[in-house]
$ cat protein.csv   # CSV, C-alpha atoms
chain,number,residue,atom,x,y,z
A,5,MET,CA,-3.9,-29.5,-15.4
A,6,ARG,CA,-7.6,-29.3,-14.6
A,7,MET,CA,-6.9,-27.8,-11.2
A,8,ALA,CA,-4.6,-25.2,-12.7
A,9,TYR,CA,-7.3,-24.0,-15.2
A,10,LEU,CA,-9.9,-24.0,-12.4
A,11,SER,CA,-7.7,-22.0,-10.1
A,12,LEU,CA,-7.0,-19.4,-12.9
A,13,LEU,CA,-10.7,-19.2,-13.7
A,14,LEU,CA,-11.7,-18.6,-10.1
A,15,PHE,CA,-9.0,-16.0,-9.7
A,16,ALA,CA,-9.9,-14.1,-12.9
A,17,LEU,CA,-13.6,-14.2,-12.0
A,18,THR,CA,-13.0,-12.9,-8.5
A,19,LEU,CA,-10.7,-10.2,-9.7
A,20,ILE,CA,-13.2,-9.0,-12.3
A,21,LEU,CA,-15.9,-8.7,-9.7
A,22,VAL,CA,-13.6,-6.9,-7.3
A,23,ILE,CA,-12.6,-4.3,-9.9
A,24,TRP,CA,-16.0,-4.0,-11.6
A,25,GLN,CA,-18.1,-4.0,-8.4
A,26,PRO,CA,-21.4,-4.6,-10.3
A,27,ARG,CA,-24.4,-2.9,-8.6
A,28,GLY,CA,-22.1,-1.6,-5.9
A,29,LEU,CA,-21.1,-5.2,-4.8
A,30,SER,CA,-18.6,-4.9,-2.0
A,31,ILE,CA,-15.1,-6.1,-2.7
A,32,GLY,CA,-15.4,-8.1,0.5
A,33,TRP,CA,-18.4,-10.1,-0.8
A,34,SER,CA,-16.7,-10.7,-4.1
A,35,ALA,CA,-13.5,-12.0,-2.5
A,36,MET,CA,-15.3,-14.1,0.0
A,37,GLY,CA,-17.5,-15.5,-2.7
A,38,GLY,CA,-14.4,-16.5,-4.7
A,39,ALA,CA,-13.0,-18.1,-1.5
A,40,CYS,CA,-16.2,-20.1,-0.9
A,41,LEU,CA,-16.2,-21.4,-4.5
A,42,ALA,CA,-12.5,-22.4,-4.1
A,43,LEU,CA,-13.4,-24.4,-1.0
A,44,LEU,CA,-16.5,-26.0,-2.7
A,45,MET,CA,-14.4,-27.0,-5.7
A,46,HIS,CA,-11.6,-28.3,-3.5
A,47,VAL,CA,-9.1,-25.8,-5.0
A,48,VAL,CA,-8.1,-25.0,-1.4
A,49,THR,CA,-8.7,-26.7,2.0
A,50,TRP,CA,-9.8,-25.4,5.4
A,51,ALA,CA,-6.2,-25.7,6.5
A,52,ASP,CA,-5.3,-23.3,3.7
A,53,VAL,CA,-7.9,-20.8,4.9
A,54,TRP,CA,-6.5,-21.0,8.4
A,55,GLU,CA,-3.0,-20.4,7.0
A,56,VAL,CA,-4.1,-17.4,5.0
A,57,THR,CA,-5.9,-15.9,8.0
A,58,ARG,CA,-2.8,-16.4,10.1
A,59,ILE,CA,-0.8,-14.4,7.5
A,60,VAL,CA,-3.2,-11.5,6.9
A,61,TRP,CA,-5.1,-10.9,10.2
A,62,ASP,CA,-2.5,-8.5,11.7
A,63,ALA,CA,-2.2,-6.6,8.4
A,64,THR,CA,-5.9,-6.1,7.9
A,65,LEU,CA,-6.7,-5.1,11.5
A,66,THR,CA,-3.8,-2.6,11.4
A,67,PHE,CA,-5.1,-1.1,8.2
A,68,VAL,CA,-8.6,-0.7,9.6
A,69,ALA,CA,-7.2,0.9,12.8
A,70,LEU,CA,-5.1,3.4,10.7
A,71,ILE,CA,-8.2,4.4,8.7
A,72,VAL,CA,-10.0,5.1,12.0
A,73,ILE,CA,-7.1,7.2,13.2
A,74,SER,CA,-7.1,9.1,9.9
A,75,SER,CA,-10.8,9.7,10.1
A,76,VAL,CA,-10.4,11.3,13.6
A,77,LEU,CA,-7.4,13.3,12.4
A,78,ASP,CA,-9.5,14.6,9.4
A,79,ALA,CA,-12.3,15.6,11.8
A,80,VAL,CA,-9.7,17.5,13.9
A,81,GLY,CA,-8.5,19.4,10.8
A,82,PHE,CA,-5.1,17.8,10.9
A,83,PHE,CA,-4.7,17.3,7.1
A,84,GLU,CA,-6.2,20.6,6.1
A,85,TRP,CA,-3.9,22.3,8.6
A,86,ALA,CA,-0.9,20.5,7.1
A,87,ALA,CA,-1.9,21.5,3.5
A,88,LEU,CA,-2.3,25.1,4.4
A,89,LYS,CA,1.0,25.0,6.4
A,90,MET,CA,2.9,23.7,3.4
A,91,ALA,CA,1.2,26.2,1.0
A,92,HIS,CA,2.2,29.1,3.2
A,93,ALA,CA,5.7,27.7,3.7
A,94,ALA,CA,6.3,27.7,-0.1
A,95,ARG,CA,6.0,31.6,0.1
A,96,GLY,CA,4.2,31.9,-3.2
A,97,ASP,CA,6.8,29.9,-5.2
A,98,GLY,CA,4.9,27.4,-7.4
A,99,ARG,CA,8.0,25.3,-7.9
A,100,ARG,CA,8.1,24.3,-4.3
A,101,ILE,CA,4.8,22.5,-4.5
A,102,LEU,CA,3.2,20.1,-6.9
A,103,PRO,CA,-0.5,20.9,-6.6
A,104,PHE,CA,-1.7,18.3,-9.1
A,105,LEU,CA,-4.0,15.3,-8.6
A,106,MET,CA,-1.7,12.9,-10.4
A,107,ALA,CA,1.3,14.1,-8.5
A,108,GLY,CA,-0.5,13.7,-5.2
A,109,GLY,CA,-1.6,10.2,-5.9
A,110,PHE,CA,1.8,9.2,-7.3
A,111,ILE,CA,3.9,10.4,-4.4
A,112,ALA,CA,1.6,8.8,-1.9
A,113,ASP,CA,2.5,5.4,-3.2
A,114,THR,CA,6.1,5.9,-4.2
A,115,THR,CA,7.1,7.1,-0.7
A,116,SER,CA,5.1,4.4,1.1
A,117,LEU,CA,8.2,2.2,1.5
A,118,PRO,CA,10.0,3.1,4.7
A,119,PHE,CA,7.5,1.8,7.4
A,120,VAL,CA,5.8,-1.5,7.6
A,121,THR,CA,2.6,0.4,8.3
A,122,SER,CA,2.9,2.7,5.2
A,123,ASN,CA,1.0,0.3,3.0
A,124,LEU,CA,-1.1,-2.8,3.4
A,125,VAL,CA,1.2,-4.6,1.0
A,126,ASN,CA,4.1,-3.9,3.3
A,127,ILE,CA,2.4,-5.3,6.4
A,128,VAL,CA,1.3,-8.5,4.6
A,129,SER,CA,4.8,-9.2,3.3
A,130,ALA,CA,6.6,-8.3,6.6
A,131,ASP,CA,4.2,-10.6,8.6
A,132,ASP,CA,4.6,-13.4,6.1
A,133,PHE,CA,8.4,-13.4,6.3
A,134,GLY,CA,8.6,-12.5,10.0
A,135,ILE,CA,10.3,-9.1,9.5
A,136,GLY,CA,9.9,-6.7,12.4
A,137,PHE,CA,9.3,-3.0,12.3
A,138,VAL,CA,12.9,-1.9,12.9
A,139,ARG,CA,14.5,-4.5,10.6
A,140,TYR,CA,12.1,-3.4,7.8
A,141,LEU,CA,12.9,0.3,8.4
A,142,VAL,CA,16.6,-0.3,8.3
A,143,HIS,CA,16.4,-2.0,4.9
A,144,MET,CA,13.8,0.2,3.2
A,145,PHE,CA,14.7,3.7,4.5
A,146,VAL,CA,17.5,4.3,2.0
A,147,PRO,CA,15.6,2.8,-1.0
A,148,ASN,CA,12.7,5.2,-0.1
A,149,LEU,CA,15.1,8.1,-0.3
A,150,PHE,CA,16.0,7.0,-3.9
A,151,SER,CA,12.2,6.7,-4.6
A,152,LEU,CA,11.5,10.2,-3.2
A,153,ALA,CA,14.3,11.8,-5.1
A,154,ALA,CA,13.4,10.1,-8.4
A,155,SER,CA,9.7,10.9,-7.8
A,156,MET,CA,10.4,14.6,-7.3
A,157,VAL,CA,12.6,14.7,-10.4
A,158,VAL,CA,10.2,13.0,-12.8
A,159,LEU,CA,7.2,14.9,-11.4
A,160,TYR,CA,8.9,18.2,-11.9
A,161,LEU,CA,10.1,17.4,-15.4
A,162,PHE,CA,6.7,16.1,-16.4
A,163,TYR,CA,4.7,19.0,-14.9
A,164,ARG,CA,7.2,21.8,-15.2
A,165,LYS,CA,5.2,23.6,-17.9
A,166,ASP,CA,2.0,23.4,-15.8
A,167,ILE,CA,3.5,24.6,-12.5
A,168,PRO,CA,2.7,28.3,-11.9
A,169,ALA,CA,5.7,30.4,-11.4
A,170,SER,CA,4.1,32.1,-8.4
A,171,TYR,CA,0.9,32.4,-6.4
A,172,ASP,CA,-0.5,34.7,-3.8
A,173,PRO,CA,-0.3,33.0,-0.4
A,174,THR,CA,-2.2,35.9,1.3
A,175,VAL,CA,-5.5,34.7,-0.2
A,176,LEU,CA,-5.2,31.4,1.7
A,177,PRO,CA,-6.7,30.9,5.1
A,178,GLN,CA,-4.3,30.7,8.1
A,179,PRO,CA,-3.7,27.0,9.1
A,180,GLY,CA,-5.2,27.6,12.5
A,181,THR,CA,-8.6,28.2,11.0
A,182,ALA,CA,-8.8,24.6,9.9
A,183,VAL,CA,-8.6,23.3,13.5
A,184,PRO,CA,-12.1,23.1,15.2
A,185,HIS,CA,-10.7,22.0,18.7
A,186,ARG,CA,-7.2,23.1,19.6
A,187,GLY,CA,-6.9,20.8,22.7
A,188,MET,CA,-7.7,17.7,20.6
A,189,PHE,CA,-5.4,18.9,17.9
A,190,ARG,CA,-2.4,19.3,20.3
A,191,TRP,CA,-3.1,15.9,21.9
A,192,SER,CA,-3.2,14.4,18.4
A,193,TRP,CA,0.6,15.1,18.1
A,194,VAL,CA,1.2,13.4,21.4
A,195,ILE,CA,-0.8,10.3,20.4
A,196,LEU,CA,0.9,10.1,17.0
A,197,ALA,CA,4.3,10.2,18.7
A,198,ALA,CA,3.1,7.4,21.0
A,199,LEU,CA,1.9,5.4,18.0
A,200,MET,CA,5.4,5.7,16.4
A,201,ILE,CA,7.1,4.7,19.6
A,202,GLY,CA,4.7,1.7,19.9
A,203,TYR,CA,5.7,0.6,16.4
A,204,PHE,CA,9.4,0.4,17.4
A,205,LEU,CA,8.5,-1.5,20.5
A,206,THR,CA,6.6,-4.2,18.7
A,207,GLU,CA,9.7,-5.8,17.4
A,208,LEU,CA,11.4,-5.7,20.9
A,209,ALA,CA,8.3,-6.9,22.8
A,210,GLY,CA,7.2,-9.4,20.1
A,211,ILE,CA,3.7,-8.0,19.9
A,212,PRO,CA,1.6,-7.5,16.7
A,213,LEU,CA,1.4,-4.1,15.0
A,214,SER,CA,-2.4,-4.3,15.1
A,215,LEU,CA,-2.4,-4.3,19.0
A,216,VAL,CA,-0.6,-0.9,19.0
A,217,ALA,CA,-2.7,0.6,16.1
A,218,CYS,CA,-6.0,-0.6,17.5
A,219,THR,CA,-5.2,0.7,21.0
A,220,VAL,CA,-4.3,4.2,19.6
A,221,ALA,CA,-7.4,4.2,17.4
A,222,ALA,CA,-9.6,3.5,20.4
A,223,VAL,CA,-7.9,6.2,22.4
A,224,MET,CA,-8.4,8.8,19.6
A,225,VAL,CA,-12.0,7.9,19.2
A,226,LEU,CA,-12.7,8.1,23.0
A,227,MET,CA,-10.9,11.5,23.2
A,228,GLY,CA,-12.7,12.8,20.1
A,229,THR,CA,-16.0,11.7,21.6
A,230,ARG,CA,-15.2,13.4,24.9
A,231,TRP,CA,-14.5,16.7,23.2
A,232,HIS,CA,-17.4,16.3,20.8
A,233,VAL,CA,-15.1,16.4,17.8
A,234,VAL,CA,-16.4,13.0,16.4
A,235,ARG,CA,-19.2,10.6,17.1
A,236,PRO,CA,-17.9,7.1,17.8
A,237,TRP,CA,-20.6,5.0,15.9
A,238,PRO,CA,-20.2,6.7,12.5
A,239,ILE,CA,-16.4,6.4,12.8
A,240,VAL,CA,-16.5,2.7,13.6
A,241,ARG,CA,-19.4,2.0,11.1
A,242,GLU,CA,-17.6,3.7,8.2
A,243,ALA,CA,-14.3,1.9,8.8
A,244,PRO,CA,-13.3,-0.3,5.9
A,245,TRP,CA,-14.4,-3.6,7.4
A,246,SER,CA,-14.8,-5.0,3.8
A,247,ILE,CA,-11.0,-4.9,3.6
A,248,VAL,CA,-10.9,-7.6,6.3
A,249,PHE,CA,-13.1,-10.0,4.2
A,250,PHE,CA,-11.4,-8.9,1.0
A,251,SER,CA,-7.9,-9.7,2.4
A,252,ILE,CA,-8.8,-13.2,3.6
A,253,GLY,CA,-11.0,-14.1,0.7
A,254,MET,CA,-8.7,-12.8,-2.1
A,255,TYR,CA,-5.7,-14.5,-0.5
A,256,VAL,CA,-7.5,-17.8,-0.2
A,257,VAL,CA,-8.2,-17.6,-4.0
A,258,VAL,CA,-4.5,-16.8,-4.6
A,259,TYR,CA,-3.6,-19.7,-2.4
A,260,GLY,CA,-5.4,-21.9,-4.9
A,261,LEU,CA,-3.0,-20.8,-7.6
A,262,ARG,CA,-0.2,-22.0,-5.3
A,263,ASN,CA,-1.9,-25.3,-4.8
A,264,ALA,CA,-2.2,-25.8,-8.5
A,265,GLY,CA,1.6,-25.2,-8.9
A,266,LEU,CA,1.2,-22.0,-10.8
A,267,THR,CA,3.5,-20.0,-8.5
A,268,GLN,CA,6.2,-22.6,-8.8
A,269,GLY,CA,7.0,-21.4,-12.3
A,270,LEU,CA,7.7,-17.9,-11.0
A,271,SER,CA,10.1,-19.4,-8.4
A,272,TYR,CA,12.1,-21.0,-11.2
A,273,VAL,CA,12.4,-17.5,-12.8
A,274,LEU,CA,13.6,-16.1,-9.5
A,275,ASP,CA,16.2,-18.9,-9.0
A,276,GLY,CA,17.5,-18.3,-12.5
A,277,ALA,CA,17.9,-14.6,-11.8
A,278,ALA,CA,19.5,-15.2,-8.4
A,279,ASN,CA,22.1,-17.4,-9.9
A,280,HIS,CA,23.4,-14.5,-12.0
A,281,SER,CA,23.7,-11.7,-9.4
A,282,LEU,CA,22.1,-9.8,-6.6
A,283,TRP,CA,21.2,-7.1,-9.1
A,284,GLY,CA,19.6,-9.6,-11.4
A,285,ALA,CA,17.5,-11.0,-8.6
A,286,THR,CA,16.5,-7.6,-7.4
A,287,LEU,CA,15.6,-6.2,-10.9
A,288,THR,CA,13.7,-9.4,-11.9
A,289,MET,CA,11.6,-9.5,-8.8
A,290,GLY,CA,10.8,-5.8,-9.0
A,291,LEU,CA,9.8,-5.9,-12.7
A,292,VAL,CA,7.8,-9.1,-12.3
A,293,SER,CA,5.9,-7.7,-9.4
A,294,THR,CA,5.3,-4.4,-11.3
A,295,VAL,CA,3.9,-6.2,-14.3
A,296,LEU,CA,1.6,-8.5,-12.3
A,297,SER,CA,0.4,-5.7,-10.1
A,298,CYS,CA,-0.6,-3.7,-13.2
A,299,VAL,CA,-2.6,-6.6,-14.6
A,300,MET,CA,-4.1,-8.2,-11.5
A,301,ASN,CA,-3.9,-5.6,-8.6
A,302,ASN,CA,-1.1,-5.4,-6.1
A,303,LEU,CA,-2.9,-6.9,-3.0
A,304,PRO,CA,-3.2,-10.4,-4.4
A,305,ASN,CA,0.1,-10.1,-6.3
A,306,VAL,CA,2.1,-9.5,-3.1
A,307,MET,CA,1.1,-12.9,-1.9
A,308,ILE,CA,1.9,-14.5,-5.3
A,309,GLY,CA,5.4,-13.0,-5.1
A,310,ALA,CA,5.7,-14.2,-1.5
A,311,LEU,CA,4.7,-17.7,-2.3
A,312,ALA,CA,7.2,-17.8,-5.2
A,313,ILE,CA,10.0,-16.6,-2.9
A,314,HIS,CA,9.1,-19.3,-0.4
A,315,ALA,CA,9.2,-21.9,-3.2
A,316,SER,CA,12.5,-20.7,-4.5
A,317,HIS,CA,15.9,-22.0,-3.4
A,318,THR,CA,17.3,-18.6,-2.6
A,319,ALA,CA,18.8,-17.8,0.7
A,320,GLY,CA,20.6,-15.0,2.7
A,321,VAL,CA,20.9,-11.5,1.3
A,322,VAL,CA,19.5,-12.6,-2.1
A,323,ARG,CA,16.3,-13.9,-0.5
A,324,GLU,CA,15.9,-10.8,1.6
A,325,ALA,CA,16.5,-8.6,-1.5
A,326,LEU,CA,13.7,-10.5,-3.3
A,327,VAL,CA,11.3,-9.8,-0.4
A,328,TYR,CA,11.9,-6.1,-0.5
A,329,ALA,CA,12.0,-5.9,-4.3
A,330,ASN,CA,8.6,-7.6,-4.3
A,331,VAL,CA,7.2,-4.9,-2.0
A,332,ILE,CA,8.7,-2.2,-4.1
A,333,GLY,CA,7.1,-3.6,-7.3
A,334,CYS,CA,3.8,-3.9,-5.5
A,335,ASP,CA,4.0,-0.4,-4.0
A,336,LEU,CA,5.2,1.5,-7.1
A,337,GLY,CA,4.1,-0.7,-10.0
A,338,PRO,CA,0.3,-0.3,-9.5
A,339,LYS,CA,0.6,3.4,-10.5
A,340,ILE,CA,0.9,2.4,-14.2
A,341,THR,CA,-2.7,1.2,-14.6
A,342,PRO,CA,-6.0,2.3,-12.8
A,343,ILE,CA,-6.6,-1.3,-11.7
A,344,GLY,CA,-3.2,-1.6,-10.1
A,345,SER,CA,-4.4,-0.9,-6.6
A,346,LEU,CA,-7.7,-0.5,-4.7
A,347,ALA,CA,-6.5,2.9,-3.5
A,348,THR,CA,-6.3,4.1,-7.1
A,349,LEU,CA,-9.7,2.8,-8.0
A,350,LEU,CA,-11.2,4.5,-4.9
A,351,TRP,CA,-9.3,7.7,-5.7
A,352,LEU,CA,-10.6,7.8,-9.3
A,353,HIS,CA,-14.1,7.0,-8.0
A,354,VAL,CA,-14.0,10.0,-5.7
A,355,LEU,CA,-12.6,12.3,-8.4
A,356,GLY,CA,-15.5,11.2,-10.7
A,357,LYS,CA,-18.0,12.3,-8.1
A,358,GLN,CA,-16.3,15.7,-8.1
A,359,GLY,CA,-16.7,15.9,-11.8
A,360,LEU,CA,-13.0,15.2,-12.6
A,361,THR,CA,-12.5,12.4,-15.1
A,362,ILE,CA,-9.1,10.8,-15.8
A,363,THR,CA,-9.4,8.4,-18.8
A,364,TRP,CA,-7.6,5.1,-18.8
A,365,GLY,CA,-5.4,6.2,-21.8
A,366,ARG,CA,-4.3,9.4,-20.1
A,367,TYR,CA,-3.7,7.6,-16.8
A,368,ILE,CA,-1.6,4.8,-18.4
A,369,ARG,CA,0.5,7.2,-20.5
A,370,THR,CA,1.2,9.3,-17.5
A,371,GLY,CA,1.7,6.3,-15.2
A,372,VAL,CA,4.4,4.7,-17.4
A,373,ILE,CA,6.4,7.9,-17.8
A,374,LEU,CA,6.3,8.6,-14.1
A,375,THR,CA,6.6,5.1,-12.7
A,376,MET,CA,9.4,3.3,-14.7
A,377,PRO,CA,12.3,5.8,-13.9
A,378,THR,CA,11.3,5.9,-10.3
A,379,LEU,CA,10.9,2.1,-10.1
A,380,LEU,CA,14.4,1.5,-11.6
A,381,ALA,CA,16.0,4.1,-9.3
A,382,THR,CA,14.4,2.6,-6.2
A,383,LEU,CA,15.5,-0.9,-7.2
A,384,ALA,CA,19.0,0.4,-7.8
A,385,GLY,CA,18.9,2.0,-4.3
A,386,LEU,CA,17.8,-1.3,-2.8
A,387,TRP,CA,20.5,-3.2,-4.6
A,388,LEU,CA,23.2,-0.8,-3.4
A,389,TRP,CA,21.9,-0.7,0.2
A,390,MET,CA,21.6,-4.5,0.4
A,391,ARG,CA,25.3,-4.8,-0.6
A,392,ILE,CA,26.1,-2.5,2.3
A,393,VAL,CA,23.9,-3.8,5.1
A,394,GLY,CA,23.2,-7.3,3.9

$ encode --input "protein.csv" --output "structure tokens"
Amino acid sequence: MRMAYLSLLLFALTLILVIWQPRGLSIGWSAMGGACLALLMHVVTWADVWEVTRIVWDATLTFVALIVISSVLDAVGFFEWAALKMAHAARGDGRRILPFLMAGGFIADTTSLPFVTSNLVNIVSADDFGIGFVRYLVHMFVPNLFSLAASMVVLYLFYRKDIPASYDPTVLPQPGTAVPHRGMFRWSWVILAALMIGYFLTELAGIPLSLVACTVAAVMVLMGTRWHVVRPWPIVREAPWSIVFFSIGMYVVVYGLRNAGLTQGLSYVLDGAANHSLWGATLTMGLVSTVLSCVMNNLPNVMIGALAIHASHTAGVVREALVYANVIGCDLGPKITPIGSLATLLWLHVLGKQGLTITWGRYIRTGVILTMPTLLATLAGLWLWMRIVG
């Protein structure tokens, strides 16, 4: 019992420091500090640290590489070009776009299901259960369609009174004006296509996702440097290296909860739900992951869910449904509260610097209304698709 209390205390302290970030304390330092305390207090062992590193190294390196790729694409004007392209394509019809901050942040998470690389949560879970890129895509593509459809419906209903009936697209710059170097811009499409092909080959060749992502990131940085679009050192220096230390440190702390037997209780809940039906297992895992993600952040929670699934007695299609339902809950659930994901915290921080403040009360009220219908629709889509493909 003493070990359980100590594990919970370390986890709570680490999570508070990660969210609060006093005096600008890096999330990486907070998580690694919690991991060191867990080792010193014998909540975890060095063998546990090695096991956690084995699980998360591929995910974290892939994440860093994707941020580097995004930074180069941003310098090339790729995202601004895409935004202007969509704004012109809507032809002045305000109903065809949802130009709202909450909508943009919401849709980015609710449609991050189809690819392993769409979300750090996805990569961690897929690596932990040995799910390849193609297998993951086959099982999550249809649930993502349910999520996309539900997201568009709830967003439109929620913001319908705020959406302008029309706007003048002629006042917008042409998309081409956002591109500083056309040669690099054209090559970006080729490199992105190669990246996607590489992802599909990872499962066939048995190579880690991070190898493909890091290779493409290096190529893009070298090409951007050659054409004087980017400078390599700032790109590498500003990459989110703290995420590497955060992932390892935070998951070591979470592993302490497992050692104390605290994830075993969740496995009993999953076994009970699985005994009733596939739908019961899917719904229970999705809702539990959602609630825990809202309270304790989705990154540590995805491992808590994974450890509980490993400890459960489920097998076959039910076990696989639990894995994907855990990911859905960790991808969609965090949108209910501001602390649900690091991405949301960073997004709110950036908005604050721009003079745009979204209060916790407003965020949670909006988050609940938007998230719950989308979550239930997506879990229903997973349940239906799992019955078909198994």

$ residues_around --input "protein.csv" --residues "A:Trp85" --least-positions-apart "5" --cutoff "8 Å" --atoms "only C-alpha atoms" --output "VMD selection string"
chain A and resid 179 to 183

$ residues_around --input "protein.csv" --residues "A:Ala79" --least-positions-apart "6" --cutoff "12 Å" --atoms "only C-alpha atoms" --output "list in words"
Val72, Ile73, Trp85, Ala182, Val183, Pro184, His185, Arg186, Met188, Phe189, Ser192, Met224, Val225, Gly228, Thr229, Trp231, His232, Val233, Val234, Arg235, Pro236, Pro238 and Ile239 of chain A

$ residues_around --input "protein.csv" --residues "stretch 29-40 of chain A" --least-positions-apart "3" --cutoff "10 Å" --atoms "only C-alpha atoms" --output "number ranges by chain"
A: 14-26, 43-48, 53, 244-260, 346

$ atom_distance --input "protein.csv" --atom1 "atom CA of A:Val393" --atom2 "atom CA of A:Ala325"
11.0 Å

$ closest_residue --input "protein.csv" --among "A:Ile167, A:Ile135, A:Ile373, A:Ala69" --to "A:Val327" --atoms "only C-alpha atoms"
A:Ile135

$ atom_distance --input "protein.csv" --atom1 "atom CA of A:Ala94" --atom2 "atom CA of A:Val157"
17.7 Å

$ atom_distance --input "protein.csv" --atom1 "atom CA of A:Met390" --atom2 "atom CA of A:Thr286"
9.8 Å

$ residues_near_point --input "protein.csv" --point "(-4.6, -1.7, -6.8)" --cutoff "10 Å" --atoms "all atoms listed in the file" --output "tab-separated table (two decimals) with C-alpha atoms, in the coordinates of the input"
chain	number	residue	atom	x	y	z
A	23	ILE	CA	-12.60	-4.30	-9.90
A	297	SER	CA	0.40	-5.70	-10.10
A	298	CYS	CA	-0.60	-3.70	-13.20
A	299	VAL	CA	-2.60	-6.60	-14.60
A	300	MET	CA	-4.10	-8.20	-11.50
A	301	ASN	CA	-3.90	-5.60	-8.60
A	302	ASN	CA	-1.10	-5.40	-6.10
A	303	LEU	CA	-2.90	-6.90	-3.00
A	304	PRO	CA	-3.20	-10.40	-4.40
A	305	ASN	CA	0.10	-10.10	-6.30
A	334	CYS	CA	3.80	-3.90	-5.50
A	335	ASP	CA	4.00	-0.40	-4.00
A	337	GLY	CA	4.10	-0.70	-10.00
A	338	PRO	CA	0.30	-0.30	-9.50
A	339	LYS	CA	0.60	3.40	-10.50
A	341	THR	CA	-2.70	1.20	-14.60
A	342	PRO	CA	-6.00	2.30	-12.80
A	343	ILE	CA	-6.60	-1.30	-11.70
A	344	GLY	CA	-3.20	-1.60	-10.10
A	345	SER	CA	-4.40	-0.90	-6.60
A	346	LEU	CA	-7.70	-0.50	-4.70
A	347	ALA	CA	-6.50	2.90	-3.50
A	348	THR	CA	-6.30	4.10	-7.10
A	349	LEU	CA	-9.70	2.80	-8.00
A	350	LEU	CA	-11.20	4.50	-4.90

$ closest_residue --input "protein.csv" --among "A:Val128, A:Leu266, A:Leu274, A:Leu379" --to "A:Met7" --atoms "only C-alpha atoms"
A:Leu266

$ closest_residue --input "protein.csv" --among "A:Ala198, A:Ala217, A:Ala285, A:Leu208" --to "A:Tyr272" --atoms "only C-alpha atoms"
A:Ala285
